[in-house]
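Trainee: My structure is stored as work_22.json, with JSON, C-alpha atoms and all ligand atoms.
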```
[["chain", "number", "residue", "atom", "x", "y", "z"],
["I", 276, "MET", "CA", 7.19, -16.78, -0.72],
["I", 277, "GLY", "CA", 10.62, -16.35, -2.28],
["I", 278, "SER", "CA", 11.61, -13.30, -4.23],
["I", 279, "VAL", "CA", 9.08, -10.55, -4.74],
["I", 280, "GLU", "CA", 10.07, -7.81, -7.14],
["I", 281, "ILE", "CA", 8.94, -4.33, -8.07],
["I", 282, "ALA", "CA", 8.16, -3.85, -11.76],
["I", 283, "ASP", "CA", 6.82, -1.06, -13.94],
["I", 284, "MET", "CA", 3.03, -0.77, -14.04],
["I", 285, "THR", "CA", 1.95, -2.10, -17.43],
["I", 286, "ARG", "CA", -1.52, -1.71, -18.95],
["I", 287, "GLU", "CA", -2.14, -5.42, -18.37],
["I", 288, "TYR", "CA", -1.23, -5.17, -14.70],
["I", 289, "ALA", "CA", -3.34, -2.04, -14.31],
["I", 290, "ALA", "CA", -6.37, -3.68, -15.97],
["I", 291, "ASP", "CA", -5.98, -6.62, -13.56],
["I", 292, "ILE", "CA", -5.74, -4.39, -10.46],
["I", 293, "ILE", "CA", -8.79, -2.27, -11.24],
["I", 294, "ALA", "CA", -10.82, -5.49, -11.53],
["I", 295, "TRP", "CA", -9.82, -6.72, -8.06],
["I", 296, "ARG", "CA", -12.65, -6.87, -5.54],
["I", 297, "TYR", "CA", -11.96, -7.22, -1.83],
["I", 298, "PRO", "CA", -14.52, -8.80, 0.52],
["I", 299, "PRO", "CA", -16.18, -6.37, 2.98],
["I", 300, "PRO", "CA", -15.04, -4.45, 4.94],
["I", 301, "TYR", "CA", -11.99, -4.21, 2.69],
["I", 302, "ASP", "CA", -14.08, -3.37, -0.40],
["I", 303, "CYS", "CA", -13.31, 0.28, 0.32],
["I", 304, "TYR", "CA", -9.90, -0.51, -1.24],
["I", 305, "ASP", "CA", -11.40, -1.56, -4.59],
["I", 306, "LEU", "CA", -10.11, 0.62, -7.40],
["I", 307, "ALA", "CA", -13.39, 0.24, -9.26],
["I", 308, "GLY", "CA", -13.96, 3.30, -11.40],
["I", 309, "VAL", "CA", -10.26, 4.15, -11.65],
["I", 310, "GLU", "CA", -8.92, 4.22, -15.21],
["I", 311, "ALA", "CA", -6.04, 1.86, -16.04],
["I", 312, "ALA", "CA", -4.27, 4.89, -17.52],
["I", 313, "PHE", "CA", -4.21, 6.51, -14.07],
["I", 314, "LEU", "CA", -2.19, 3.60, -12.72],
["I", 315, "THR", "CA", 0.21, 3.51, -15.66],
["I", 316, "ASP", "CA", 0.90, 7.26, -15.51],
["I", 317, "PRO", "CA", 4.37, 7.38, -13.89],
["I", 318, "GLY", "CA", 3.42, 10.67, -12.25],
["I", 319, "ASN", "CA", 0.95, 8.82, -10.02],
["I", 320, "GLY", "CA", 3.61, 6.58, -8.53],
["I", 321, "TYR", "CA", 2.08, 3.13, -9.04],
["I", 322, "LEU", "CA", 4.36, 0.08, -9.31],
["I", 323, "ALA", "CA", 3.65, -3.64, -9.66],
["I", 324, "LEU", "CA", 4.67, -6.34, -7.18],
["I", 325, "VAL", "CA", 5.58, -9.49, -9.06],
["I", 326, "HIS", "CA", 6.38, -13.00, -7.86],
["I", 327, "GLU", "CA", 7.61, -15.58, -10.40],
["I", 328, "GLY", "CA", 6.20, -13.50, -13.23],
["I", 329, "ARG", "CA", 2.75, -13.15, -11.67],
["I", 330, "LEU", "CA", 1.22, -9.92, -10.42],
["I", 331, "ILE", "CA", 0.63, -10.32, -6.67],
["I", 332, "GLY", "CA", 0.05, -6.72, -5.65],
["I", 333, "PHE", "CA", 1.05, -3.12, -6.13],
["I", 334, "ARG", "CA", 2.76, -0.31, -4.26],
["I", 335, "VAL", "CA", 2.26, 3.41, -4.69],
["I", 336, "PHE", "CA", 4.53, 6.28, -3.67],
["I", 337, "GLY", "CA", 3.51, 9.92, -3.37],
["I", 338, "VAL", "CA", 0.40, 11.98, -2.75],
["I", 339, "ASP", "CA", -1.98, 9.26, -3.90],
["I", 340, "GLY", "CA", -1.27, 7.65, -0.53],
["I", 341, "GLN", "CA", -2.79, 10.64, 1.28],
["I", 342, "VAL", "CA", -6.39, 10.96, 2.46],
["I", 343, "PRO", "CA", -8.25, 14.31, 2.49],
["I", 344, "GLY", "CA", -8.35, 15.68, 6.04],
["I", 345, "GLY", "CA", -4.93, 14.41, 7.06],
["I", 346, "VAL", "CA", -2.21, 16.93, 7.85],
["I", 347, "TYR", "CA", 0.85, 16.16, 5.75],
["I", 348, "ASP", "CA", 4.24, 17.83, 5.52],
["I", 349, "GLY", "CA", 7.36, 17.13, 3.48],
["I", 350, "SER", "CA", 9.11, 15.15, 6.21],
["I", 351, "ALA", "CA", 8.04, 11.76, 4.88],
["I", 352, "LEU", "CA", 7.18, 9.97, 1.63],
["I", 353, "ASP", "CA", 3.63, 8.61, 1.50],
["I", 354, "THR", "CA", 3.25, 5.01, 0.45],
["I", 355, "GLY", "CA", 0.42, 2.56, 0.15],
["I", 356, "GLY", "CA", -0.68, -0.44, -1.86],
["I", 357, "GLY", "CA", -2.40, -3.75, -1.72],
["I", 358, "LEU", "CA", -2.11, -7.46, -2.29],
["I", 359, "ARG", "CA", -4.23, -9.35, -4.80],
["I", 360, "PRO", "CA", -7.47, -10.08, -2.86],
["I", 361, "GLU", "CA", -7.04, -13.86, -2.73],
["I", 362, "LEU", "CA", -3.53, -13.44, -1.31],
["I", 363, "THR", "CA", -4.61, -11.36, 1.69],
["I", 364, "GLY", "CA", -4.82, -12.84, 5.17],
["I", 365, "ARG", "CA", -1.99, -15.30, 4.58],
["I", 366, "GLY", "CA", 0.90, -13.49, 6.16],
["I", 367, "LEU", "CA", 2.28, -12.19, 2.85],
["I", 368, "GLY", "CA", 1.75, -8.49, 3.53],
["I", 369, "ARG", "CA", 4.94, -8.00, 5.50],
["I", 370, "GLN", "CA", 7.14, -9.08, 2.59],
["I", 371, "ALA", "CA", 5.05, -7.10, 0.11],
["I", 372, "ILE", "CA", 5.35, -3.87, 2.08],
["I", 373, "ALA", "CA", 9.00, -4.48, 2.95],
["I", 374, "THR", "CA", 9.81, -4.95, -0.75],
["I", 375, "GLY", "CA", 8.22, -1.58, -1.44],
["I", 376, "LEU", "CA", 10.15, 0.10, 1.36],
["I", 377, "THR", "CA", 13.46, -1.28, 0.13],
["I", 378, "TYR", "CA", 12.67, -0.06, -3.40],
["I", 379, "GLY", "CA", 11.42, 3.30, -2.15],
["I", 380, "THR", "CA", 14.52, 3.84, -0.03],
["I", 381, "ALA", "CA", 16.84, 3.14, -2.96],
["I", 382, "ARG", "CA", 14.89, 5.23, -5.47],
["I", 383, "PHE", "CA", 13.62, 8.19, -3.48],
["I", 384, "ARG", "CA", 15.98, 8.36, -0.47],
["I", 385, "PRO", "CA", 13.25, 9.74, 1.81],
["I", 386, "ALA", "CA", 13.92, 10.63, 5.43],
["I", 387, "ALA", "CA", 10.87, 8.65, 6.45],
["I", 388, "PHE", "CA", 7.87, 6.73, 5.13],
["I", 389, "ARG", "CA", 4.26, 7.52, 5.96],
["I", 390, "VAL", "CA", 1.17, 5.32, 5.53],
["I", 391, "THR", "CA", -2.42, 6.47, 6.04],
["I", 392, "VAL", "CA", -4.53, 3.51, 7.17],
["I", 393, "ALA", "CA", -8.26, 3.21, 7.77],
["I", 394, "GLY", "CA", -8.93, 3.06, 11.51],
["I", 395, "PHE", "CA", -10.88, -0.20, 11.18],
["I", 396, "ASN", "CA", -8.04, -1.89, 9.31],
["I", 397, "LEU", "CA", -6.28, -3.53, 12.24],
["I", 398, "ARG", "CA", -4.80, -6.13, 9.90],
["I", 399, "ALA", "CA", -2.82, -3.54, 7.98],
["I", 400, "GLN", "CA", -1.91, -1.65, 11.15],
["I", 401, "ARG", "CA", -0.55, -4.86, 12.65],
["I", 402, "VAL", "CA", 1.71, -5.53, 9.67],
["I", 403, "LEU", "CA", 2.93, -1.91, 9.70],
["I", 404, "ARG", "CA", 3.70, -2.02, 13.43],
["I", 405, "GLY", "CA", 5.73, -5.16, 12.76],
["I", 406, "LEU", "CA", 7.73, -3.13, 10.27],
["I", 407, "ASP", "CA", 8.43, -0.44, 12.92],
["I", 408, "PHE", "CA", 5.76, 2.03, 11.82],
["I", 409, "THR", "CA", 4.24, 3.94, 14.74],
["I", 410, "PRO", "CA", 0.97, 5.92, 14.83],
["I", 411, "THR", "CA", 1.66, 9.66, 14.68],
["I", 412, "ALA", "CA", -1.81, 11.12, 14.08],
["I", 413, "THR", "CA", -5.47, 10.24, 13.77],
["I", 414, "PHE", "CA", -8.13, 12.14, 11.85],
["I", 415, "GLU", "CA", -11.49, 11.83, 10.16],
["I", 416, "ALA", "CA", -11.63, 12.01, 6.38],
["I", 417, "THR", "CA", -13.23, 15.20, 5.14],
["I", 418, "THR", "CA", -15.00, 13.19, 2.42],
["I", 419, "ASP", "CA", -17.02, 10.79, 4.59],
["I", 420, "GLY", "CA", -15.94, 11.24, 8.21],
["I", 421, "ARG", "CA", -14.32, 7.83, 8.46],
["I", 422, "PRO", "CA", -11.40, 7.55, 10.93],
["I", 423, "PHE", "CA", -7.83, 7.15, 9.71],
["I", 424, "VAL", "CA", -4.45, 6.64, 11.36],
["I", 425, "ILE", "CA", -1.21, 8.06, 10.01],
["I", 426, "MET", "CA", 1.75, 5.78, 10.72],
["I", 427, "THR", "CA", 5.39, 6.67, 10.07],
["I", 428, "ARG", "CA", 8.84, 5.10, 10.26],
["I", 429, "PRO", "CA", 12.29, 6.41, 9.51],
["I", 430, "ALA", "CA", 13.72, 5.20, 6.20],
["I", 431, "GLY", "CA", 17.15, 3.76, 5.86],
["I", 432, "ASP", "CA", 16.98, 1.25, 8.66],
["I", 433, "SER", "CA", 17.01, -2.40, 7.75],
["I", 434, "VAL", "CA", 13.49, -3.24, 6.61],
["I", 435, "VAL", "CA", 13.24, -6.97, 7.32],
["P", 1, "LIG", "C1", -2.90, -4.84, 4.40],
["P", 1, "LIG", "C2", -2.19, -6.08, 3.91],
["P", 1, "LIG", "C3", -0.86, -5.73, 3.24],
["P", 1, "LIG", "C4", -1.92, -6.98, 5.13],
["P", 1, "LIG", "O1", -1.22, -8.12, 4.72],
["P", 1, "LIG", "P1", -1.80, -9.59, 5.01],
["P", 1, "LIG", "O2", -0.80, -10.55, 4.51],
["P", 1, "LIG", "O3", -3.18, -9.70, 4.47],
["P", 1, "LIG", "O4", -1.87, -9.60, 6.60],
["P", 1, "LIG", "P2", -1.60, -10.86, 7.54],
["P", 1, "LIG", "O5", -2.34, -12.05, 7.06],
["P", 1, "LIG", "O6", -0.13, -10.98, 7.73],
["P", 1, "LIG", "O7", -2.25, -10.37, 8.90],
["P", 1, "LIG", "C5", -1.54, -9.47, 9.73],
["P", 1, "LIG", "C6", -1.96, -9.66, 11.17],
["P", 1, "LIG", "O8", -3.28, -9.13, 11.35],
["P", 1, "LIG", "C7", -4.08, -10.10, 11.99],
["P", 1, "LIG", "N1", -5.45, -9.89, 11.55],
["P", 1, "LIG", "C8", -6.06, -10.37, 10.45],
["P", 1, "LIG", "N2", -7.32, -9.92, 10.40],
["P", 1, "LIG", "C9", -7.49, -9.15, 11.50],
["P", 1, "LIG", "C10", -8.59, -8.41, 12.03],
["P", 1, "LIG", "N3", -9.77, -8.36, 11.40],
["P", 1, "LIG", "N4", -8.40, -7.72, 13.19],
["P", 1, "LIG", "C11", -7.23, -7.76, 13.84],
["P", 1, "LIG", "N5", -6.14, -8.43, 13.38],
["P", 1, "LIG", "C12", -6.30, -9.12, 12.23],
["P", 1, "LIG", "C13", -3.49, -11.42, 11.55],
["P", 1, "LIG", "O9", -3.82, -12.45, 12.44],
["P", 1, "LIG", "C14", -2.01, -11.11, 11.59],
["P", 1, "LIG", "O10", -1.55, -11.18, 12.93],
["P", 1, "LIG", "P3", -0.08, -11.70, 13.31],
["P", 1, "LIG", "O11", 0.83, -10.57, 12.93],
["P", 1, "LIG", "O12", -0.15, -11.94, 14.76],
["P", 1, "LIG", "O13", 0.16, -12.93, 12.51],
["P", 1, "LIG", "C15", -3.09, -6.87, 2.90],
["P", 1, "LIG", "O14", -4.18, -7.47, 3.61],
["P", 1, "LIG", "C16", -3.60, -6.02, 1.79],
["P", 1, "LIG", "O15", -2.86, -5.63, 0.91],
["P", 1, "LIG", "N6", -4.92, -5.72, 1.78],
["P", 1, "LIG", "C17", -5.49, -4.95, 0.71],
["P", 1, "LIG", "C18", -6.43, -3.93, 1.22],
["P", 1, "LIG", "C19", -5.82, -3.15, 2.37],
["P", 1, "LIG", "O16", -6.11, -3.45, 3.51],
["P", 1, "LIG", "N7", -5.03, -2.12, 2.12],
["P", 1, "LIG", "C20", -4.44, -1.33, 3.20],
["P", 1, "LIG", "C21", -3.45, -0.37, 2.69],
["P", 1, "LIG", "S1", -2.68, 0.51, 4.03]]
```
Spell out the structure here as structure tokens.
Ligand SMILES: CC(C)(COP(=O)(O)OP(=O)(O)OC[C@H]1O[C@@H](n2cnc3c(N)ncnc32)[C@H](O)[C@@H]1OP(=O)(O)O)[C@@H](O)C(=O)NCCC(=O)NCCS
Mentor:
Amino acid sequence: MGSVEIADMTREYAADIIAWRYPPPYDCYDLAGVEAAFLTDPGNGYLALVHEGRLIGFRVFGVDGQVPGGVYDGSALDTGGGLRPELTGRGLGRQAIATGLTYGTARFRPAAFRVTVAGFNLRAQRVLRGLDFTPTATFEATTDGRPFVIMTRPAGDSVV
């Protein structure tokens, strides 16, 4: 899709993202109920993904990418995110995630990246495997018992 860039999370972008609604079963990724101010707080690690001036998704770095019940150590930087709902399922996720990894490598210099993915979400797991993430643990969330997979990859290698 041409160049995709990381940009600061503005209030406008945040208001857009919290209004996104994914079709089931992906509705568990809706940020309904989250305050825009949470996304714009730099301490929470949210960044915008922009293509030709339009918000197409977001990436997040840090503990907000963790799920209660997972065992996490300091060996990797957690990351997550999402595409705008109408842009999912079109093969754009690889570039979106890769753009985040390139940015995260340059900014945070982590030894590795870690993503916690819902067990049912084979679509996301497939994109992550294509980016050299491998499953390193599975667990059930302490909040609702749903299964999750932790996937990791070393940072620093060529992303795409
Ligand atoms: C997760 C996400 C980045 C994936 O990107 P995407 O562009 O939608 O994914 P794609 O269309 O490239 O699909 C990836 C692969 O999964 C396959 N796939 C799609 N739906 C599938 C399903 N229900 N079961 C199994 N595989 C599926 C696709 O055929 C494709 O296979 P391919 O690699 O052989 O072409 C994107 O959907 C997203 O941001 N979703 C928001 C909610 C979410 O899932 N967040 C997860 C955060 S970890």
Trainee: Could you tell me which of I:His326, I:Pro298, I:Val346, I:Val390 comes closest to Ala371 in chain I if we count only C-alpha atoms?
Mentor: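 With only C-alpha atoms as the atom set, the closest residue is I:His326.
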Trainee: Would you kindly identify which residues have an atom no farther than 12 Å from (6.6, -3.2, -18.5), using all atoms listed in the file and the file's own coordinates, and write them out as a list in words?
Mentor: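 Selection result: Ile281, Ala282, Asp283, Met284, Thr285, Arg286, Glu287, Tyr288, Ala289, Thr315, Pro317, Leu322, Ala323, Leu324, Val325, Gly328 and Leu330 of chain I.
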Trainee: Kindly compile the residues surrounding ligand LIG 1 (chain P) within 6 Å, counting all atoms listed in the file, and format them as a ChimeraX atom specification.
Mentor: /I:301,304,355-358,363-368,392,397-399,401-402
Trainee: Of the residues I:Pro300, I:Gly345, I:Pro410, I:Gly318, which is the one nearest to Arg428 in chain I, using all atoms listed in the file?
Mentor: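 Closest candidate: I:Pro410.
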Trainee: For Val342 in chain I, please output as a list in words all residues within 10 Å (counting all atoms listed in the file; exclusion window: fewer than 3 positions along the same chain).
Mentor: Val338, Asp339, Gly345, Val346, Tyr347, Val390, Thr391, Val392, Ala393, Phe414, Glu415, Ala416, Thr417, Thr418, Phe423 and Ile425 of chain I
Trainee: Using Å and a single decimal, report how far CA of Phe333 in chain I sits from CA of Pro429 in chain I.
Mentor: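 CA of Phe333 in chain I lies at a distance of 21.5 Å from CA of Pro429 in chain I.
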Trainee: Counting all atoms listed in the file, which of I:Ala294, I:Ala387, I:Leu352, I:Ala381 gets nearest to Gly308 in chain I?
Mentor: I:Ala294
Trainee: Quick check, in Å to one decimal: how far apart do CA of Met426 in chain I and CA of Thr411 in chain I lie?
Mentor: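 So the two atoms, CA of Met426 in chain I and CA of Thr411 in chain I, lie 5.5 Å apart.
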Trainee: What does the distance between CA of Ala290 in chain I and CA of Gly340 in chain I come to in Å, to one decimal place?
Mentor: 19.8 Å
Trainee: Please list, as a list in words, the residues that have an atom at most 12 Å away from (14.0, -2.1, 0.4) in the coordinates of this file, counting all atoms listed in the file.
Mentor: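 The residues that fall inside the cut-off are Val279, Glu280, Ile281, Arg369, Gln370, Ala371, Ile372, Ala373, Thr374, Gly375, Leu376, Thr377, Tyr378, Gly379, Thr380, Ala381, Arg382, Phe383, Arg384, Pro385, Phe388, Leu406, Ala430, Gly431, Asp432, Ser433, Val434 and Val435 of chain I.
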Trainee: Could the centre and edge lengths of an axis-aligned box, enclosing all atoms of range 294-301 of chain I in the file with 4 Å extra on each side, be given in Å to one decimal as JSON?
Mentor:
```
{"center_x": -13.0, "center_y": -6.5, "center_z": -3.3, "size_x": 14.4, "size_y": 12.6, "size_z": 24.5}
```
Trainee: Have range 337-367 of chain I completed to N, CA and C atoms, please, and pass it along as a PDB file, in the coordinates of the input.
Mentor:
```
ATOM      1  N   GLY I 337       3.871   8.537  -3.075  1.00  0.00           N
ATOM      2  CA  GLY I 337       3.510   9.920  -3.370  1.00  0.00           C
ATOM      3  C   GLY I 337       2.124  10.270  -2.857  1.00  0.00           C
ATOM      4  N   VAL I 338       1.611  11.395  -3.342  1.00  0.00           N
ATOM      5  CA  VAL I 338       0.400  11.980  -2.750  1.00  0.00           C
ATOM      6  C   VAL I 338      -0.839  11.101  -2.890  1.00  0.00           C
ATOM      7  N   ASP I 339      -0.810  10.127  -3.795  1.00  0.00           N
ATOM      8  CA  ASP I 339      -1.980   9.260  -3.900  1.00  0.00           C
ATOM      9  C   ASP I 339      -2.179   8.426  -2.634  1.00  0.00           C
ATOM     10  N   GLY I 340      -1.144   8.357  -1.805  1.00  0.00           N
ATOM     11  CA  GLY I 340      -1.270   7.650  -0.530  1.00  0.00           C
ATOM     12  C   GLY I 340      -1.879   8.504   0.574  1.00  0.00           C
ATOM     13  N   GLN I 341      -2.199   9.749   0.262  1.00  0.00           N
ATOM     14  CA  GLN I 341      -2.790  10.640   1.280  1.00  0.00           C
ATOM     15  C   GLN I 341      -4.313  10.584   1.232  1.00  0.00           C
ATOM     16  N   VAL I 342      -4.929  10.940   2.353  1.00  0.00           N
ATOM     17  CA  VAL I 342      -6.390  10.960   2.460  1.00  0.00           C
ATOM     18  C   VAL I 342      -6.815  12.373   2.850  1.00  0.00           C
ATOM     19  N   PRO I 343      -7.816  12.952   2.167  1.00  0.00           N
ATOM     20  CA  PRO I 343      -8.250  14.310   2.490  1.00  0.00           C
ATOM     21  C   PRO I 343      -8.649  14.452   3.960  1.00  0.00           C
ATOM     22  N   GLY I 344      -8.090  15.470   4.610  1.00  0.00           N
ATOM     23  CA  GLY I 344      -8.350  15.680   6.040  1.00  0.00           C
ATOM     24  C   GLY I 344      -7.121  15.423   6.887  1.00  0.00           C
ATOM     25  N   GLY I 345      -6.195  14.639   6.353  1.00  0.00           N
ATOM     26  CA  GLY I 345      -4.930  14.410   7.060  1.00  0.00           C
ATOM     27  C   GLY I 345      -4.035  15.628   6.927  1.00  0.00           C
ATOM     28  N   VAL I 346      -3.172  15.831   7.913  1.00  0.00           N
ATOM     29  CA  VAL I 346      -2.210  16.930   7.850  1.00  0.00           C
ATOM     30  C   VAL I 346      -0.866  16.322   7.454  1.00  0.00           C
ATOM     31  N   TYR I 347      -0.368  16.747   6.305  1.00  0.00           N
ATOM     32  CA  TYR I 347       0.850  16.160   5.750  1.00  0.00           C
ATOM     33  C   TYR I 347       1.898  17.248   5.527  1.00  0.00           C
ATOM     34  N   ASP I 348       3.155  16.914   5.839  1.00  0.00           N
ATOM     35  CA  ASP I 348       4.240  17.830   5.520  1.00  0.00           C
ATOM     36  C   ASP I 348       5.274  17.082   4.674  1.00  0.00           C
ATOM     37  N   GLY I 349       6.366  17.727   4.373  1.00  0.00           N
ATOM     38  CA  GLY I 349       7.360  17.130   3.480  1.00  0.00           C
ATOM     39  C   GLY I 349       8.378  16.251   4.196  1.00  0.00           C
ATOM     40  N   SER I 350       8.110  15.904   5.438  1.00  0.00           N
ATOM     41  CA  SER I 350       9.110  15.150   6.210  1.00  0.00           C
ATOM     42  C   SER I 350       9.121  13.661   5.891  1.00  0.00           C
ATOM     43  N   ALA I 351       8.120  13.197   5.150  1.00  0.00           N
ATOM     44  CA  ALA I 351       8.040  11.760   4.880  1.00  0.00           C
ATOM     45  C   ALA I 351       7.432  11.532   3.496  1.00  0.00           C
ATOM     46  N   LEU I 352       7.744  10.376   2.914  1.00  0.00           N
ATOM     47  CA  LEU I 352       7.180   9.970   1.630  1.00  0.00           C
ATOM     48  C   LEU I 352       5.981   9.065   1.888  1.00  0.00           C
ATOM     49  N   ASP I 353       4.834   9.421   1.335  1.00  0.00           N
ATOM     50  CA  ASP I 353       3.630   8.610   1.500  1.00  0.00           C
ATOM     51  C   ASP I 353       3.737   7.346   0.652  1.00  0.00           C
ATOM     52  N   THR I 354       3.279   6.249   1.223  1.00  0.00           N
ATOM     53  CA  THR I 354       3.250   5.010   0.450  1.00  0.00           C
ATOM     54  C   THR I 354       2.020   4.201   0.829  1.00  0.00           C
ATOM     55  N   GLY I 355       1.586   3.389  -0.080  1.00  0.00           N
ATOM     56  CA  GLY I 355       0.420   2.560   0.150  1.00  0.00           C
ATOM     57  C   GLY I 355       0.461   1.388  -0.820  1.00  0.00           C
ATOM     58  N   GLY I 356      -0.648   0.674  -0.929  1.00  0.00           N
ATOM     59  CA  GLY I 356      -0.680  -0.440  -1.860  1.00  0.00           C
ATOM     60  C   GLY I 356      -1.621  -1.517  -1.420  1.00  0.00           C
ATOM     61  N   GLY I 357      -1.529  -2.641  -2.084  1.00  0.00           N
ATOM     62  CA  GLY I 357      -2.400  -3.750  -1.720  1.00  0.00           C
ATOM     63  C   GLY I 357      -1.935  -5.041  -2.359  1.00  0.00           C
ATOM     64  N   LEU I 358      -2.331  -6.133  -1.729  1.00  0.00           N
ATOM     65  CA  LEU I 358      -2.110  -7.460  -2.290  1.00  0.00           C
ATOM     66  C   LEU I 358      -3.318  -7.852  -3.125  1.00  0.00           C
ATOM     67  N   ARG I 359      -3.118  -8.738  -4.066  1.00  0.00           N
ATOM     68  CA  ARG I 359      -4.230  -9.350  -4.800  1.00  0.00           C
ATOM     69  C   ARG I 359      -5.220  -9.927  -3.762  1.00  0.00           C
ATOM     70  N   PRO I 360      -6.530  -9.704  -3.917  1.00  0.00           N
ATOM     71  CA  PRO I 360      -7.470 -10.080  -2.860  1.00  0.00           C
ATOM     72  C   PRO I 360      -7.305 -11.503  -2.325  1.00  0.00           C
ATOM     73  N   GLU I 361      -7.119 -12.474  -3.219  1.00  0.00           N
ATOM     74  CA  GLU I 361      -7.040 -13.860  -2.730  1.00  0.00           C
ATOM     75  C   GLU I 361      -5.742 -14.164  -1.992  1.00  0.00           C
ATOM     76  N   LEU I 362      -4.800 -13.238  -2.024  1.00  0.00           N
ATOM     77  CA  LEU I 362      -3.530 -13.440  -1.310  1.00  0.00           C
ATOM     78  C   LEU I 362      -3.501 -12.734   0.042  1.00  0.00           C
ATOM     79  N   THR I 363      -4.588 -12.035   0.383  1.00  0.00           N
ATOM     80  CA  THR I 363      -4.610 -11.360   1.690  1.00  0.00           C
ATOM     81  C   THR I 363      -4.896 -12.370   2.800  1.00  0.00           C
ATOM     82  N   GLY I 364      -4.514 -12.003   4.016  1.00  0.00           N
ATOM     83  CA  GLY I 364      -4.820 -12.840   5.170  1.00  0.00           C
ATOM     84  C   GLY I 364      -3.974 -14.087   5.287  1.00  0.00           C
ATOM     85  N   ARG I 365      -2.860 -14.112   4.555  1.00  0.00           N
ATOM     86  CA  ARG I 365      -1.990 -15.300   4.580  1.00  0.00           C
ATOM     87  C   ARG I 365      -0.586 -14.983   5.057  1.00  0.00           C
ATOM     88  N   GLY I 366      -0.420 -13.817   5.654  1.00  0.00           N
ATOM     89  CA  GLY I 366       0.900 -13.490   6.160  1.00  0.00           C
ATOM     90  C   GLY I 366       1.880 -12.982   5.114  1.00  0.00           C
ATOM     91  N   LEU I 367       1.375 -12.628   3.919  1.00  0.00           N
ATOM     92  CA  LEU I 367       2.280 -12.190   2.850  1.00  0.00           C
ATOM     93  C   LEU I 367       2.499 -10.675   2.837  1.00  0.00           C
TER      94      LEU I 367
END
```
